[in-house]
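What follows is the content of coords34.pdb (PDB, C-alpha atoms and all ligand atoms).
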ATOM      1  CA  MET A   1       5.661 -37.201   8.620
ATOM      2  CA  GLU A   2       3.021 -39.197  10.488
ATOM      3  CA  ASN A   3       1.572 -42.167   8.623
ATOM      4  CA  ILE A   4      -2.225 -42.231   8.667
ATOM      5  CA  LEU A   5      -2.493 -45.615   6.980
ATOM      6  CA  GLU A   6       0.039 -48.348   6.411
ATOM      7  CA  LEU A   7      -0.881 -51.533   4.572
ATOM      8  CA  LYS A   8       1.580 -54.411   4.534
ATOM      9  CA  ASN A   9       1.159 -57.461   2.278
ATOM     10  CA  ILE A  10      -2.604 -57.162   2.058
ATOM     11  CA  SER A  11      -4.093 -59.997   0.034
ATOM     12  CA  LYS A  12      -7.696 -60.983  -0.496
ATOM     13  CA  SER A  13      -9.206 -64.075  -2.057
ATOM     14  CA  PHE A  14     -12.826 -64.950  -2.676
ATOM     15  CA  LYS A  15     -12.741 -68.758  -2.599
ATOM     16  CA  GLN A  16      -9.884 -69.627  -5.016
ATOM     17  CA  TYR A  17     -10.089 -66.272  -6.793
ATOM     18  CA  ASN A  18      -7.275 -63.879  -5.753
ATOM     19  CA  VAL A  19      -8.448 -60.289  -5.987
ATOM     20  CA  LEU A  20      -5.636 -58.454  -4.149
ATOM     21  CA  HIS A  21      -1.996 -59.508  -4.033
ATOM     22  CA  ASP A  22       0.476 -58.348  -1.372
ATOM     23  CA  ILE A  23      -0.501 -54.676  -1.326
ATOM     24  CA  ASP A  24       1.960 -52.363   0.459
ATOM     25  CA  LEU A  25       0.597 -48.836   0.625
ATOM     26  CA  THR A  26       1.282 -45.834   2.847
ATOM     27  CA  ILE A  27      -0.762 -42.673   3.271
ATOM     28  CA  LYS A  28       0.826 -39.765   5.081
ATOM     29  CA  LYS A  29      -0.883 -37.042   7.078
ATOM     30  CA  GLY A  30      -2.088 -34.325   4.711
ATOM     31  CA  ASP A  31      -2.105 -36.499   1.606
ATOM     32  CA  ILE A  32      -4.814 -36.557  -0.988
ATOM     33  CA  TYR A  33      -3.994 -40.037  -2.204
ATOM     34  CA  GLY A  34      -5.423 -41.094  -5.561
ATOM     35  CA  LEU A  35      -5.962 -44.822  -5.968
ATOM     36  CA  ILE A  36      -6.148 -45.381  -9.711
ATOM     37  CA  GLY A  37      -7.331 -48.576 -11.343
ATOM     38  CA  LYS A  38      -9.489 -49.830 -14.155
ATOM     39  CA  ASN A  39     -12.888 -51.397 -13.424
ATOM     40  CA  GLY A  40     -12.359 -54.610 -11.525
ATOM     41  CA  ALA A  41      -8.789 -53.747 -10.449
ATOM     42  CA  GLY A  42      -9.737 -54.243  -6.799
ATOM     43  CA  LYS A  43     -10.200 -50.658  -5.561
ATOM     44  CA  THR A  44     -13.520 -51.181  -3.774
ATOM     45  CA  THR A  45     -12.304 -54.432  -2.240
ATOM     46  CA  LEU A  46      -9.245 -52.642  -0.841
ATOM     47  CA  LEU A  47     -11.281 -49.715   0.511
ATOM     48  CA  LYS A  48     -13.706 -52.135   2.158
ATOM     49  CA  ILE A  49     -10.804 -53.881   3.895
ATOM     50  CA  ILE A  50      -9.412 -50.553   5.130
ATOM     51  CA  THR A  51     -12.810 -49.575   6.537
ATOM     52  CA  SER A  52     -13.390 -53.016   8.062
ATOM     53  CA  LEU A  53     -16.391 -53.784   5.839
ATOM     54  CA  SER A  54     -14.458 -56.801   4.630
ATOM     55  CA  LYS A  55     -11.595 -58.827   6.105
ATOM     56  CA  GLN A  56      -8.271 -59.325   4.355
ATOM     57  CA  SER A  57      -7.125 -62.914   3.774
ATOM     58  CA  SER A  58      -3.639 -61.944   4.940
ATOM     59  CA  GLY A  59      -1.528 -58.885   5.725
ATOM     60  CA  THR A  60      -1.669 -56.069   8.275
ATOM     61  CA  ILE A  61      -3.315 -52.650   8.477
ATOM     62  CA  GLN A  62      -2.116 -49.845  10.705
ATOM     63  CA  LEU A  63      -4.529 -46.937  10.988
ATOM     64  CA  PHE A  64      -3.263 -43.890  12.918
ATOM     65  CA  GLY A  65      -0.407 -46.095  14.141
ATOM     66  CA  SER A  66      -2.680 -48.798  15.592
ATOM     67  CA  HIS A  67      -0.863 -51.938  16.746
ATOM     68  CA  THR A  68      -3.701 -54.097  17.985
ATOM     69  CA  HIS A  69      -7.097 -54.941  16.520
ATOM     70  CA  LYS A  70      -8.703 -52.975  19.369
ATOM     71  CA  ASP A  71      -6.598 -49.913  18.457
ATOM     72  CA  PHE A  72      -7.568 -50.353  14.823
ATOM     73  CA  ILE A  73     -11.294 -50.425  15.617
ATOM     74  CA  HIS A  74     -10.832 -47.349  17.812
ATOM     75  CA  SER A  75      -8.953 -45.568  14.984
ATOM     76  CA  LEU A  76     -11.845 -46.254  12.617
ATOM     77  CA  LYS A  77     -13.809 -43.665  14.622
ATOM     78  CA  ARG A  78     -11.426 -41.059  13.207
ATOM     79  CA  THR A  79     -12.254 -42.212   9.681
ATOM     80  CA  GLY A  80     -15.237 -41.259   7.512
ATOM     81  CA  SER A  81     -16.049 -43.070   4.298
ATOM     82  CA  VAL A  82     -18.365 -43.235   1.333
ATOM     83  CA  ILE A  83     -17.948 -46.662  -0.266
ATOM     84  CA  GLU A  84     -19.801 -47.512  -3.477
ATOM     85  CA  THR A  85     -22.933 -45.315  -3.766
ATOM     86  CA  PRO A  86     -23.788 -42.704  -1.100
ATOM     87  CA  VAL A  87     -26.461 -44.020   1.233
ATOM     88  CA  ALA A  88     -29.200 -41.739   2.590
ATOM     89  CA  TYR A  89     -32.951 -41.806   3.073
ATOM     90  CA  ASP A  90     -34.803 -41.220  -0.189
ATOM     91  CA  ASN A  91     -37.747 -39.354   1.326
ATOM     92  CA  LEU A  92     -35.721 -37.037   3.564
ATOM     93  CA  SER A  93     -34.132 -33.700   2.592
ATOM     94  CA  ALA A  94     -30.397 -33.013   2.980
ATOM     95  CA  LYS A  95     -30.917 -31.416   6.387
ATOM     96  CA  GLU A  96     -33.330 -34.116   7.587
ATOM     97  CA  ASN A  97     -30.847 -36.806   6.580
ATOM     98  CA  LEU A  98     -28.071 -35.038   8.486
ATOM     99  CA  ILE A  99     -30.290 -34.682  11.568
ATOM    100  CA  TYR A 100     -31.115 -38.384  11.384
ATOM    101  CA  TYR A 101     -27.479 -39.480  11.030
ATOM    102  CA  SER A 102     -26.269 -37.022  13.646
ATOM    103  CA  LYS A 103     -28.690 -38.508  16.203
ATOM    104  CA  LEU A 104     -27.526 -41.971  15.241
ATOM    105  CA  ARG A 105     -23.930 -40.955  15.926
ATOM    106  CA  GLY A 106     -24.656 -38.967  19.052
ATOM    107  CA  VAL A 107     -23.739 -35.633  17.451
ATOM    108  CA  VAL A 108     -26.429 -33.236  18.601
ATOM    109  CA  ASP A 109     -25.170 -29.741  17.826
ATOM    110  CA  GLU A 110     -27.594 -28.078  15.373
ATOM    111  CA  LYS A 111     -24.811 -25.687  14.344
ATOM    112  CA  ASP A 112     -22.651 -28.615  13.220
ATOM    113  CA  ILE A 113     -25.404 -29.647  10.847
ATOM    114  CA  GLU A 114     -25.750 -26.146   9.383
ATOM    115  CA  ASP A 115     -21.952 -25.824   9.079
ATOM    116  CA  THR A 116     -21.650 -29.193   7.357
ATOM    117  CA  LEU A 117     -24.425 -28.347   4.883
ATOM    118  CA  LYS A 118     -22.651 -25.074   4.121
ATOM    119  CA  LEU A 119     -19.289 -26.764   3.742
ATOM    120  CA  VAL A 120     -20.578 -29.130   1.053
ATOM    121  CA  ASP A 121     -22.671 -26.375  -0.530
ATOM    122  CA  LEU A 122     -26.058 -27.941   0.195
ATOM    123  CA  SER A 123     -27.459 -25.136   2.361
ATOM    124  CA  ASP A 124     -29.782 -23.917  -0.343
ATOM    125  CA  VAL A 125     -31.471 -27.135  -1.462
ATOM    126  CA  GLY A 126     -34.350 -26.671   1.000
ATOM    127  CA  LYS A 127     -36.918 -29.442   1.220
ATOM    128  CA  LYS A 128     -35.868 -31.292  -1.928
ATOM    129  CA  LYS A 129     -35.823 -35.013  -1.163
ATOM    130  CA  PHE A 130     -32.682 -37.141  -1.555
ATOM    131  CA  LYS A 131     -34.382 -39.245  -4.263
ATOM    132  CA  HIS A 132     -34.645 -36.122  -6.425
ATOM    133  CA  PHE A 133     -30.993 -35.101  -5.967
ATOM    134  CA  SER A 134     -28.529 -35.073  -8.858
ATOM    135  CA  LEU A 135     -25.609 -37.504  -8.555
ATOM    136  CA  GLY A 136     -23.301 -34.616  -7.590
ATOM    137  CA  MET A 137     -25.675 -33.586  -4.776
ATOM    138  CA  LYS A 138     -25.886 -37.198  -3.589
ATOM    139  CA  GLN A 139     -22.102 -37.428  -3.458
ATOM    140  CA  LYS A 140     -21.951 -34.177  -1.486
ATOM    141  CA  LEU A 141     -24.533 -35.429   0.993
ATOM    142  CA  GLY A 142     -22.623 -38.710   1.329
ATOM    143  CA  ILE A 143     -19.542 -36.702   2.265
ATOM    144  CA  ALA A 144     -21.570 -34.482   4.613
ATOM    145  CA  ILE A 145     -22.799 -37.585   6.472
ATOM    146  CA  ALA A 146     -19.224 -38.885   6.686
ATOM    147  CA  LEU A 147     -18.076 -35.484   7.998
ATOM    148  CA  LEU A 148     -20.566 -35.444  10.899
ATOM    149  CA  SER A 149     -18.195 -37.349  13.143
ATOM    150  CA  LYS A 150     -15.377 -34.905  12.272
ATOM    151  CA  PRO A 151     -13.004 -37.448  10.752
ATOM    152  CA  ASP A 152      -9.262 -36.895  10.285
ATOM    153  CA  PHE A 153      -9.239 -39.324   7.385
ATOM    154  CA  LEU A 154     -11.827 -39.527   4.607
ATOM    155  CA  ILE A 155     -12.120 -42.465   2.209
ATOM    156  CA  LEU A 156     -14.104 -41.982  -0.990
ATOM    157  CA  ASP A 157     -14.825 -44.702  -3.534
ATOM    158  CA  GLU A 158     -15.195 -43.384  -7.109
ATOM    159  CA  PRO A 159     -16.971 -40.149  -6.080
ATOM    160  CA  ILE A 160     -16.321 -38.520  -9.462
ATOM    161  CA  ASN A 161     -17.864 -41.363 -11.436
ATOM    162  CA  GLY A 162     -20.826 -40.097 -13.461
ATOM    163  CA  LEU A 163     -20.565 -36.414 -12.459
ATOM    164  CA  ASP A 164     -20.964 -33.724 -15.101
ATOM    165  CA  PRO A 165     -17.999 -31.376 -15.769
ATOM    166  CA  ILE A 166     -19.294 -28.587 -13.500
ATOM    167  CA  ALA A 167     -19.994 -31.002 -10.672
ATOM    168  CA  ILE A 168     -16.472 -32.427 -11.094
ATOM    169  CA  VAL A 169     -14.908 -28.987 -10.679
ATOM    170  CA  GLU A 170     -17.061 -28.290  -7.592
ATOM    171  CA  PHE A 171     -16.170 -31.655  -6.164
ATOM    172  CA  ARG A 172     -12.462 -31.058  -6.639
ATOM    173  CA  GLU A 173     -12.759 -27.709  -4.884
ATOM    174  CA  LEU A 174     -14.601 -29.357  -1.994
ATOM    175  CA  LEU A 175     -11.877 -31.970  -1.554
ATOM    176  CA  LYS A 176      -9.159 -29.320  -1.589
ATOM    177  CA  LYS A 177     -11.078 -27.291   0.991
ATOM    178  CA  LEU A 178     -11.491 -30.313   3.294
ATOM    179  CA  ASN A 179      -7.794 -31.058   2.934
ATOM    180  CA  THR A 180      -6.363 -27.587   3.405
ATOM    181  CA  GLU A 181      -8.894 -25.934   5.732
ATOM    182  CA  LEU A 182      -9.946 -28.889   7.875
ATOM    183  CA  ASN A 183      -6.638 -30.824   7.604
ATOM    184  CA  ILE A 184      -8.433 -33.977   6.499
ATOM    185  CA  THR A 185      -6.266 -36.619   4.846
ATOM    186  CA  ILE A 186      -8.117 -38.123   1.887
ATOM    187  CA  LEU A 187      -7.999 -41.430   0.034
ATOM    188  CA  ILE A 188      -9.974 -41.278  -3.199
ATOM    189  CA  SER A 189     -10.344 -43.987  -5.819
ATOM    190  CA  SER A 190     -11.096 -43.507  -9.474
ATOM    191  CA  HIS A 191     -10.550 -44.823 -12.947
ATOM    192  CA  ILE A 192     -10.652 -41.217 -14.242
ATOM    193  CA  LEU A 193      -6.952 -40.486 -14.099
ATOM    194  CA  THR A 194      -6.917 -36.916 -15.267
ATOM    195  CA  GLU A 195      -9.456 -35.926 -12.635
ATOM    196  CA  LEU A 196      -7.385 -37.350  -9.809
ATOM    197  CA  TYR A 197      -4.316 -35.632 -11.212
ATOM    198  CA  HIS A 198      -5.889 -32.229 -10.512
ATOM    199  CA  VAL A 199      -6.590 -33.003  -6.896
ATOM    200  CA  ALA A 200      -4.206 -35.656  -5.532
ATOM    201  CA  ASN A 201      -0.599 -35.236  -4.427
ATOM    202  CA  ARG A 202       0.241 -38.966  -4.403
ATOM    203  CA  PHE A 203      -0.965 -41.813  -6.559
ATOM    204  CA  GLY A 204      -1.140 -45.568  -6.236
ATOM    205  CA  ILE A 205      -1.745 -47.502  -9.437
ATOM    206  CA  LEU A 206      -3.648 -50.733  -8.967
ATOM    207  CA  ASN A 207      -3.713 -53.294 -11.759
ATOM    208  CA  ASN A 208      -5.358 -56.714 -11.485
ATOM    209  CA  GLY A 209      -5.085 -56.568  -7.707
ATOM    210  CA  THR A 210      -1.408 -55.534  -7.628
ATOM    211  CA  LEU A 211      -0.171 -52.082  -6.661
ATOM    212  CA  VAL A 212       2.175 -51.588  -9.595
ATOM    213  CA  GLU A 213       3.416 -48.154  -8.566
ATOM    214  CA  GLU A 214       3.251 -45.455  -5.912
ATOM    215  CA  ILE A 215       4.326 -42.054  -7.144
ATOM    216  CA  THR A 216       4.058 -38.467  -5.923
ATOM    217  CA  LYS A 217       2.809 -35.730  -8.196
ATOM    218  CA  GLU A 218       6.238 -34.101  -7.892
ATOM    219  CA  GLU A 219       8.038 -37.285  -8.949
ATOM    220  CA  PHE A 220       5.643 -37.707 -11.806
ATOM    221  CA  GLU A 221       6.165 -34.147 -13.009
ATOM    222  CA  LYS A 222       9.924 -34.601 -12.870
ATOM    223  CA  MET A 223       9.647 -37.847 -14.784
ATOM    224  CA  SER A 224       7.314 -36.368 -17.376
ATOM    225  CA  GLN A 225       9.895 -33.742 -18.326
ATOM    226  CA  THR A 226      12.746 -36.161 -18.619
ATOM    227  CA  MET A 227      11.591 -39.208 -20.504
ATOM    228  CA  ILE A 228      13.725 -40.204 -23.494
ATOM    229  CA  THR A 229      12.252 -42.521 -26.095
ATOM    230  CA  LEU A 230      14.851 -44.626 -27.874
ATOM    231  CA  GLN A 231      14.171 -46.654 -31.024
ATOM    232  CA  VAL A 232      16.597 -49.391 -32.006
ATOM    233  CA  THR A 233      16.466 -52.639 -33.983
ATOM    234  CA  ASP A 234      16.643 -54.920 -30.957
ATOM    235  CA  THR A 235      16.013 -53.603 -27.449
ATOM    236  CA  ALA A 236      17.330 -56.848 -25.914
ATOM    237  CA  LYS A 237      20.841 -55.816 -27.017
ATOM    238  CA  VAL A 238      20.488 -52.381 -25.460
ATOM    239  CA  THR A 239      19.251 -53.187 -21.958
ATOM    240  CA  PRO A 240      22.548 -54.735 -20.662
ATOM    241  CA  ILE A 241      24.414 -51.711 -22.010
ATOM    242  CA  LEU A 242      22.081 -49.343 -20.153
ATOM    243  CA  HIS A 243      22.585 -51.267 -16.920
ATOM    244  CA  GLU A 244      26.384 -51.190 -17.414
ATOM    245  CA  HIS A 245      26.131 -47.380 -17.504
ATOM    246  CA  SER A 246      23.996 -47.278 -14.354
ATOM    247  CA  ILE A 247      20.840 -46.465 -16.316
ATOM    248  CA  HIS A 248      18.315 -48.684 -14.577
ATOM    249  CA  ASN A 249      15.117 -46.665 -14.721
ATOM    250  CA  PHE A 250      13.647 -47.601 -18.085
ATOM    251  CA  LYS A 251      10.713 -49.454 -19.562
ATOM    252  CA  ILE A 252      10.788 -51.679 -22.624
ATOM    253  CA  ILE A 253       7.793 -50.718 -24.721
ATOM    254  CA  SER A 254       8.403 -53.178 -27.592
ATOM    255  CA  SER A 255      11.267 -55.064 -29.242
ATOM    256  CA  SER A 256      12.238 -51.790 -30.918
ATOM    257  CA  GLU A 257      11.381 -49.066 -28.350
ATOM    258  CA  ILE A 258      12.478 -48.194 -24.822
ATOM    259  CA  ASN A 259      11.441 -45.307 -22.576
ATOM    260  CA  ILE A 260      14.189 -44.062 -20.269
ATOM    261  CA  TYR A 261      13.308 -42.102 -17.133
ATOM    262  CA  GLU A 262      16.669 -40.836 -15.880
ATOM    263  CA  PRO A 263      16.719 -37.060 -15.327
ATOM    264  CA  GLU A 264      20.529 -37.075 -15.187
ATOM    265  CA  VAL A 265      20.986 -38.699 -18.622
ATOM    266  CA  GLY A 266      20.896 -36.468 -21.697
ATOM    267  CA  VAL A 267      20.171 -37.405 -25.311
ATOM    268  CA  SER A 268      23.739 -36.691 -26.513
ATOM    269  CA  GLU A 269      25.273 -38.773 -23.719
ATOM    270  CA  LEU A 270      23.004 -41.670 -24.611
ATOM    271  CA  ILE A 271      23.866 -41.394 -28.321
ATOM    272  CA  GLN A 272      27.565 -41.490 -27.416
ATOM    273  CA  ILE A 273      27.143 -44.604 -25.233
ATOM    274  CA  LEU A 274      25.229 -46.453 -27.964
ATOM    275  CA  MET A 275      27.631 -45.394 -30.727
ATOM    276  CA  ASN A 276      30.568 -46.703 -28.672
ATOM    277  CA  GLU A 277      28.753 -50.032 -28.462
ATOM    278  CA  LYS A 278      27.986 -49.963 -32.202
ATOM    279  CA  ILE A 279      24.221 -49.902 -31.682
ATOM    280  CA  ALA A 280      22.316 -48.334 -34.570
ATOM    281  CA  ILE A 281      19.801 -45.736 -33.405
ATOM    282  CA  ASN A 282      16.608 -45.536 -35.450
ATOM    283  CA  GLY A 283      15.138 -42.672 -33.422
ATOM    284  CA  ILE A 284      15.772 -40.822 -30.173
ATOM    285  CA  TYR A 285      13.831 -37.950 -28.682
ATOM    286  CA  LYS A 286      12.726 -36.366 -25.459
ATOM    287  CA  THR A 287       9.035 -36.730 -25.005
ATOM    288  CA  GLY A 288       6.309 -35.671 -22.626
ATOM    289  CA  ILE A 289       4.190 -38.250 -20.868
ATOM    290  CA  ASP A 290       0.972 -37.553 -19.056
ATOM    291  CA  LEU A 291      -0.564 -39.495 -16.212
ATOM    292  CA  GLU A 292      -2.976 -41.233 -18.550
ATOM    293  CA  ASN A 293      -0.170 -42.509 -20.806
ATOM    294  CA  HIS A 294       1.876 -43.520 -17.803
ATOM    295  CA  PHE A 295      -1.088 -45.438 -16.425
ATOM    296  CA  LYS A 296      -1.558 -47.165 -19.804
ATOM    297  CA  SER A 297       2.100 -48.134 -19.892
ATOM    298  CA  LEU A 298       1.814 -49.711 -16.461
ATOM    299  CA  VAL A 299      -1.428 -51.562 -16.975
ATOM    300  CA  ASP A 300      -1.260 -52.435 -20.689
ATOM    301  CA  GLY A 301       2.464 -52.129 -21.490
ATOM    302  CA  THR A 302       1.642 -49.605 -24.207
ATOM    303  CA  VAL A 303       2.331 -45.883 -24.329
ATOM    304  CA  SER A 304       1.239 -43.418 -26.958
ATOM    305  CA  THR A 305       3.431 -40.350 -27.210
ATOM    306  CA  ASN A 306       2.936 -37.047 -28.916
ATOM    307  CA  LYS A 307       5.994 -36.948 -31.138
ATOM    308  CA  GLU A 308       5.146 -33.506 -32.566
ATOM    309  CA  ASP A 309       6.075 -32.046 -29.198
ATOM    310  CA  LYS A 310       9.798 -32.745 -29.459
TER     311      LYS A 310
HETATM  312  N1  LIG V 401     -17.853 -60.693  -2.837
HETATM  313  C1  LIG V 401     -17.158 -61.039  -3.920
HETATM  314  N2  LIG V 401     -17.105 -62.333  -4.337
HETATM  315  C2  LIG V 401     -16.382 -62.671  -5.439
HETATM  316  N3  LIG V 401     -15.685 -61.794  -6.194
HETATM  317  C3  LIG V 401     -15.716 -60.514  -5.825
HETATM  318  C4  LIG V 401     -16.449 -60.065  -4.671
HETATM  319  N4  LIG V 401     -16.274 -58.710  -4.566
HETATM  320  C5  LIG V 401     -15.471 -58.345  -5.595
HETATM  321  N5  LIG V 401     -15.146 -59.422  -6.347
HETATM  322  C6  LIG V 401     -14.289 -59.410  -7.546
HETATM  323  O1  LIG V 401     -13.082 -58.768  -7.230
HETATM  324  C7  LIG V 401     -12.601 -58.023  -8.349
HETATM  325  C8  LIG V 401     -12.329 -56.607  -7.914
HETATM  326  O2  LIG V 401     -13.577 -55.956  -7.667
HETATM  327  P1  LIG V 401     -13.658 -54.466  -7.098
HETATM  328  O3  LIG V 401     -15.104 -54.119  -6.996
HETATM  329  O4  LIG V 401     -12.826 -54.357  -5.894
HETATM  330  O5  LIG V 401     -12.967 -53.654  -8.277
HETATM  331  P2  LIG V 401     -12.945 -52.097  -8.531
HETATM  332  O6  LIG V 401     -11.561 -51.731  -8.904
HETATM  333  O7  LIG V 401     -13.563 -51.366  -7.408
HETATM  334  O8  LIG V 401     -13.838 -51.997  -9.837
HETATM  335  P3  LIG V 401     -15.095 -51.033 -10.157
HETATM  336  O9  LIG V 401     -14.495 -49.727 -10.514
HETATM  337  O10 LIG V 401     -15.724 -51.720 -11.345
HETATM  338  O11 LIG V 401     -15.964 -51.028  -8.939
HETATM  339  C9  LIG V 401     -13.651 -58.136  -9.425
HETATM  340  O12 LIG V 401     -13.242 -59.104 -10.358
HETATM  341  C10 LIG V 401     -14.884 -58.600  -8.678
HETATM  342  O13 LIG V 401     -15.692 -59.384  -9.503
END
Can you present the structure in this file as structure tokens?
Amino acid sequence: MENILELKNISKSFKQYNVLHDIDLTIKKGDIYGLIGKNGAGKTTLLKIITSLSKQSSGTIQLFGSHTHKDFIHSLKRTGSVIETPVAYDNLSAKENLIYYSKLRGVVDEKDIEDTLKLVDLSDVGKKKFKHFSLGMKQKLGIAIALLSKPDFLILDEPINGLDPIAIVEFRELLKKLNTELNITILISSHILTELYHVANRFGILNNGTLVEEITKEEFEKMSQTMITLQVTDTAKVTPILHEHSIHNFKIISSSEINIYEPEVGVSELIQILMNEKIAINGIYKTGIDLENHFKSLVDGTVSTNKEDK
């Protein structure tokens, strides 16, 4: 499938302070890609680099397959973005703002403006000025402005931040509509994991400027059904044994607990392997893991599991 965006070894430093480290990230056509990271992880910095609002210290960006800087700048025309807070004129209504921005961008079709207002569900807000909009309405207008140039790729920085539950649901529906009906590929950042889980099909987890994992929703769902938690006296003795049996996909949670993510390995098989090696098992169970716990395990090295579920 066509790659919309390909980042290779993107790093960014502000003076001596390294904010992004060797980011490799790929977004495919049709993706809703959720970039997850705690406050300060580097999400905005990365999105600014992708949209050319900031320059990387090193590394390459390919947008719509661009090979030269000129191609890249040209490809940016196919990209719409709302970075940080949505910007519009306080004393203008939704429609007046769209008319203003459409003139600025050379889009003159009045019907486009009406269609865009309808698409983001702002047709009925009349003469209400932007400064009196709710945060959800402001986010919608920000997207509407970005949509005026009919982008193939939309980049949204923390659009869910601060929205009330109803606005979140509406927002999710809007993103799905843009993705499925208008074939717009979307990159959306957030620290609200569960909200991205409902809307994204692929996730990149950013921690302290490093992309610690890229995972599809499908892979995650498979993994979440197949995690085995193993409790032993000393995990250091167990890890070489796991490797010897071709079990490589695991995470050491503490000196006494390991999570194993190998769909092919069953609990009884694992018990047999450990018994043969004379390892005492203090506990072993299949457990569910949700995106939030997975995120915690990657960024803090801690996972809380619901042991009642076994
Ligand atoms: N212009 C700058 N000069 C120096 N440091 C900066 C600059 N811009 C960002 N940083 C630092 O880079 C780090 C990452 O910031 P960034 O805004 O990208 O994080 P974020 O993941 O978007 O967080 P948030 O959700 O809080 O916006 C932070 O420690 C921030 O202080």
Of the candidates A:Ala41, A:Ala144, A:Leu230, A:Ile83, which shows the shortest atom-to-atom distance to Asn18 of chain A, using only C-alpha atoms?
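Result for the nearest residue to Asn18 of chain A: A:Ala41.
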Once the PyMOL selection byres (((chain A and resi 205) around 7) and not hetatm) has been applied to the shown file, what residues remain in the selection, as a short mmCIF file (atom, residue, chain, number, x, y, z; two decimals) with C-alpha atoms, in the frame of the given file?
data_model
loop_
_atom_site.label_atom_id
_atom_site.label_comp_id
_atom_site.auth_asym_id
_atom_site.auth_seq_id
_atom_site.Cartn_x
_atom_site.Cartn_y
_atom_site.Cartn_z
CA LEU A 35 -5.96 -44.82 -5.97
CA ILE A 36 -6.15 -45.38 -9.71
CA GLY A 37 -7.33 -48.58 -11.34
CA PHE A 203 -0.96 -41.81 -6.56
CA GLY A 204 -1.14 -45.57 -6.24
CA LEU A 206 -3.65 -50.73 -8.97
CA ASN A 207 -3.71 -53.29 -11.76
CA LEU A 211 -0.17 -52.08 -6.66
CA VAL A 212 2.17 -51.59 -9.60
CA GLU A 213 3.42 -48.15 -8.57
CA GLU A 214 3.25 -45.46 -5.91
#
If the limit is 9 Å from any atom of ligand LIG 401 (chain V), counting only C-alpha atoms and all ligand atoms, which residues qualify? Return them as a ChimeraX atom specification.
/A:12-15,17-20,36-48,84,157-158,189-191,206-209
Please evaluate the PyMOL selection byres (((chain A and resi 127) around 10) and not hetatm) against the displayed coordinates and give the resulting residues as a compact mmCIF listing (two decimals) with C-alpha atoms, in the coordinates of the input.
# COMPACT_ATOMS: atom_id res chain seq x y z
CA ASN A 91 -37.75 -39.35 1.33
CA LEU A 92 -35.72 -37.04 3.56
CA SER A 93 -34.13 -33.70 2.59
CA ALA A 94 -30.40 -33.01 2.98
CA LYS A 95 -30.92 -31.42 6.39
CA GLU A 96 -33.33 -34.12 7.59
CA ASP A 124 -29.78 -23.92 -0.34
CA VAL A 125 -31.47 -27.14 -1.46
CA GLY A 126 -34.35 -26.67 1.00
CA LYS A 128 -35.87 -31.29 -1.93
CA LYS A 129 -35.82 -35.01 -1.16
CA PHE A 130 -32.68 -37.14 -1.56
6 Å contact set for Lys29 of chain A, all atoms listed in the file, chain neighbours under 6 positions out, as an MDAnalysis selection string:
chainID A and resid 2:4 185
Saved selection, atoms kept: C-alpha atoms, as an mmCIF file, in the frame of the given file:
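What follows is the written file out.cif:
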data_model
loop_
_atom_site.group_PDB
_atom_site.id
_atom_site.type_symbol
_atom_site.label_atom_id
_atom_site.label_comp_id
_atom_site.auth_asym_id
_atom_site.auth_seq_id
_atom_site.Cartn_x
_atom_site.Cartn_y
_atom_site.Cartn_z
ATOM 1 C CA GLU A 2 3.021 -39.197 10.488
ATOM 2 C CA ASN A 3 1.572 -42.167 8.623
ATOM 3 C CA ILE A 4 -2.225 -42.231 8.667
ATOM 4 C CA THR A 185 -6.266 -36.619 4.846
#
Let me know the residues the PyMOL selection byres (((chain A and resi 286) around 6) and not hetatm) catches in the file above, as a ChimeraX atom specification.
/A:227-228,285,287
Contacts of segment 182-184 of chain A within 7 Å, all atoms listed in the file, excl. fewer than 3 positions in-chain, as a list in words:
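Near segment 182-184 of chain A, the qualifying residues are Gly30, Asp152, Phe153, Leu154, Leu178 and Asn179 of chain A.
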Kindly give the distance, in Å, that separates atom CA of Lys140 of chain A and atom CA of Phe171 of chain A, rounded to a single decimal.
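Interatomic distance here is 7.9 Å.
Here atom CA of Leu148 of chain A is placed at a distance of 27.4 Å from atom CA of Tyr197 of chain A.
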Between A:Lys150, A:Gly136, A:Leu5, A:Tyr89, which residue has the minimum interatomic distance to Ile113 of chain A, considering all atoms listed in the file?
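Using all atoms listed in the file, Ile113 of chain A sits closest to A:Lys150.
The nearest approach to Pro159 of chain A among the residues A:Thr210, A:Asp90, A:Glu221, A:Gly34, with only C-alpha atoms taken into account, belongs to A:Gly34.
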Quick one: distance from atom CA of Ala146 of chain A to atom CA of His21 of chain A in Å, one decimal?
28.9 Å
Contacts of Phe64 of chain A at 12 Å or less, counting only C-alpha atoms, minus same-chain residues fewer than 2 places along, as a PyMOL selection string?
chain A and resi 1-7+26-29+50+61-62+66-68+71-79+151-153+185
Taking the point (15.2, -37.3, -15.0) as given in the file, collect each protein or nucleic acid residue that comes within 10 Å of it, counting all atoms listed in the file, and present the set as a PyMOL selection string.
chain A and resi 219+221-228+249+260-266
Who sits within 10 Å of Ala200 of chain A, all atoms listed in the file, same chain under 5 positions skipped, as an MDAnalysis selection string
chainID A and resid 31:35 172 175:176 186:188 195 216:217
